[in-house]
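Peer 1: Handing you a structure now.
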Amino acid sequence: MPGKRGWGWWWARLPFCLLLSLYGPWVPSSLGKPKGHPHMNSIRIDGDITLGGLFPVHGRGSEGKACGELKKEKGIHRLEAMLFALDRINNDPDLLPNVTLGARILDTCSRDTHALEQSLTFVQALIEKDGTEVRCGSGGPPIITKPERVVGVIGASGSSVSIMVANILRLFKNVSSVTSGFASECSPQCQRLCKIPQISYASTAPDLSDNSRYDFFSRVVPSDTYQAQAMVDIVRALKWNYVSTLASEGSYGESGVEAFIQKSREDGGVCIAQSVKIPREPKPGEFDKIIRRLLETSNARAIIIFANEDDIRRVLEAARKANQTGHFFWMGSDSWGSKIAPVLHLEEVAEGAVTILPKRMSVRGFDRYFSSRTLDNNRRNIWFAEFWEDNFHCKLSRHALKKGSHFKKCTSIAGNPVTFNENGDAPGRYDIYQYQLRNGSAEYKVIGSWTDHLHLRIERMHWPGSGQQLPRSICSLPCQPGERKKTVKGTPCCWHCEPCTGYQYQVDRYNCKTCPYDMRPTENRTGCRPIPIIKLEWDSPWAVLPLFLAVVGIAATLFVVLTFMRYNDTPIVKASGRELSYVLLAGIFLCYATTFLMIAEPDLGTCSLRRVFLGLGMSISYAALLTKTNRIYRIFEQGKRSVSAPRFISPASQLAITFSLISLQLLGICVWFVVDPSHSVVDFQDQRTLDPRFARGVLKCDISDLSLICLLGYSMLLMVTCTVYAIKTRGVPETFNEAKPIGFTMYTTCIVWLAFIPIFFGTSQSADKLYIQTTTLTVSVSLSASVSLGMLYMPKVYIILFHPEQNVPKRKRSLKAVVTAATMSNKFTPKGNFRPNGEAKSELCENLEAPVLATKQTYVTYSNHAL
């Protein structure tokens, strides 16, 4: 029994072995010229050896009819090719000497069930007919005409038809015996039981490669497995990753699509949007539904078609009807190939279609043979008259016959060695076409080939509407830089693009990662870059006001100090308490100088000086003021009880008290230095905004808000205490002391710092926190110093410089007289007469420059240290 191995050898010796397998002793006298004549719905050509032929001469019928319209290319052209081959074999004296090949050719009507019914003709000779029970009218046995024996079948075209016929043929066996003259040619293979072999010229379904089921089936075209691989390679070359499939119901369409899906999964990168099947017997409107269904996945513009040409044409018609011309990009299998019939009058909707066809070559002499066929010399082809009418658009009559015509070249793989692999398949070799419209003419243009590997010339391709630009058939657009893919479950070619947010950057296609704390993502979020570091610059608008106040304040302070030093021995200077005044002015100077430390670039030295002087200047100022107000308060309280002076009211005592208070501030600063050494830091959290584009690193000293509160807290305590004493001494007439100016100073200072607190801490989340807080702090400190300087010292400087006549000593009075006068004045004249020369308030402390306990001195010199 001949198997699939060695089919190349077997088919090459078909005239000697396969085609003679049914015959017993060979009789040379039986040879003769073949005669063709109609036989029912078939062509019958007599010969010594008969070959069966199956061709789709007609398409599928509708409305209950078995057959439909005539198929020129798939039917008539192929049928004539077989007749041409028979003629060449029979006319070649060397190929089969004294042997004539005959044929029995049937029309499958592109329907497997009809082909099955027709193919029973091939096995009629193998069916034993029992005539024992049948008698003629004369009583004799009937004469039964035995049909010709078919030794092999050529066909069919459609895979479903070939499968149906192969299942029938494999059930019947032939007994073959050959004469001794041919024994050397046939060897034992032709002398034993064998099934009727079948060779297809167009069936490509992968199922037919099953050696266990179709061991006597072979084909001269490659399996759809190769075709599916070629189509997957084309899809990937065109950068399509989301396609739909469309298949005719049956072995060819379903197996082809299944092979395509399998190959796409194996190779990866291609996803199937949906697989649509065309029913064997489509109902009216079925193809409109198919187009609507394909539009449900509108991004899948590429449609992979494994369908017969009738279905292909109807699909194109439905697409045109739905006004989808140019939306779909078709990729047709070899059933479409380079045929004209599927696209006739549908050129626009089919434009750009990529089709595939097994490699083929022109058969020498066939064009001339086919072009010479007429109704007179081709009567053996019972369908040629129908072809003639269809081709020339005429109705035949006795007086209306047209001879000769020009037909499209029919090609095949003739000229190449006919070989089969172990599965009976031809090797995979394909030409790739694109249906193009150029200047109003349509043609199939070769754009590449496939032989194990794809060779595609994309520059030859032309697409409707976009020229040479490749159209898209993708589920999702590529994600932009800085976006990660979130794959849709079950469809790896579909994804959502999610931007990397906040401080994330794109690590790879599927992941985002947060940048390090000191970095922010680049503009396209494909990496990280350092966060800019900022500080308060000298030329910043935020520094203008603080620097102006500081410069003016320092100049004013130095002017007051120089004035006091110049007029150090005058009554006004003495009365203001020279020692504490200089201490207070030193504190005011440090308050102004702190502005420059706050604006300077933070480093170890600058940060250390900030710790020391930011609170120290205010502590010195308020310690001196507190000492003054406390002294005034104690003096008047003591004067109410006795005439003796309070303790610790001498200048030395006042300085000791002041420096004691200041030392507490310095002690706290020293402890702070020991616990947490000073250093500068870059704070990346301070201005880590939601939008990383505005993120900044702030170069600053390591002074937190809590540390600042502790640093200024002691100064605030001194300020509040001084304010309390100012309130307590508010009843003392201003003609006797400076309690009221000190009170006004402290009230104003409290207002300044009350405004500072909400501004400073309320802007902690602002993007301009560095600038606002630094400016607020420095301005508040400068304003506090300015209030003290303006209210306490500017009036004195004014008198010293512009009214020196008031800066003279007055008469002396005892301490008892001064306190009694002050007390009585407070009771009877709350607003005593103003003495521009400060006589009364000078007398209050006149006794204090000398030791207060001196008993011999009744009157003291005119000098006032109360302020």
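Labels for the structure tokens follow display order: chains A, B, ..., residues from 1 in each chain, ligands from 1.
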When you look at Val446 in chain A with a cut-off of 7 Å (counting only C-alpha atoms), what residues show up, excluding the ones that are within fewer than 6 positions of it in the same chain? I need them as number ranges by chain.
Peer 2: A: 431-434
Peer 1: Excluding same-chain residues fewer than 5 positions from Leu708 in chain A, what lies within 9 Å of it counting only C-alpha atoms, as an NGL selection string?
Peer 2: :A and (615 or 703 or 713)
Peer 1: Take the selection from the previous step and output its residues with C-alpha atoms, as a compact mmCIF listing (two decimals), in the first residue's frame.
Peer 2:
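The resulting file, out-v3.txt, is shown below:
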```txt
# COMPACT_ATOMS: atom_id res chain seq x y z
CA GLY A 615 17.73 85.91 70.20
CA ILE A 703 16.69 75.70 63.08
CA GLY A 713 10.71 82.48 73.69
```
Peer 1: Using only C-alpha atoms, which of A:Gln229, A:Ser264, A:Ser203, A:Ser660 sits nearest Ser335 in chain A?
Peer 2: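 When distances to Ser335 in chain A are compared using only C-alpha atoms, the smallest one comes from A:Ser203.
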Peer 1: Between A:Asp367, A:Glu309, A:Asp107, A:Asp233, which has the minimum distance to Phe84 in chain A (counting only C-alpha atoms)?
Peer 2: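 Distance minimum relative to Phe84 in chain A lands on A:Asp367.
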Peer 1: So which one's closest to Pro342 in chain A, A:Asp683, A:Glu73, A:Glu637, A:Asp508? Using only C-alpha atoms, please.
Peer 2: A:Glu73
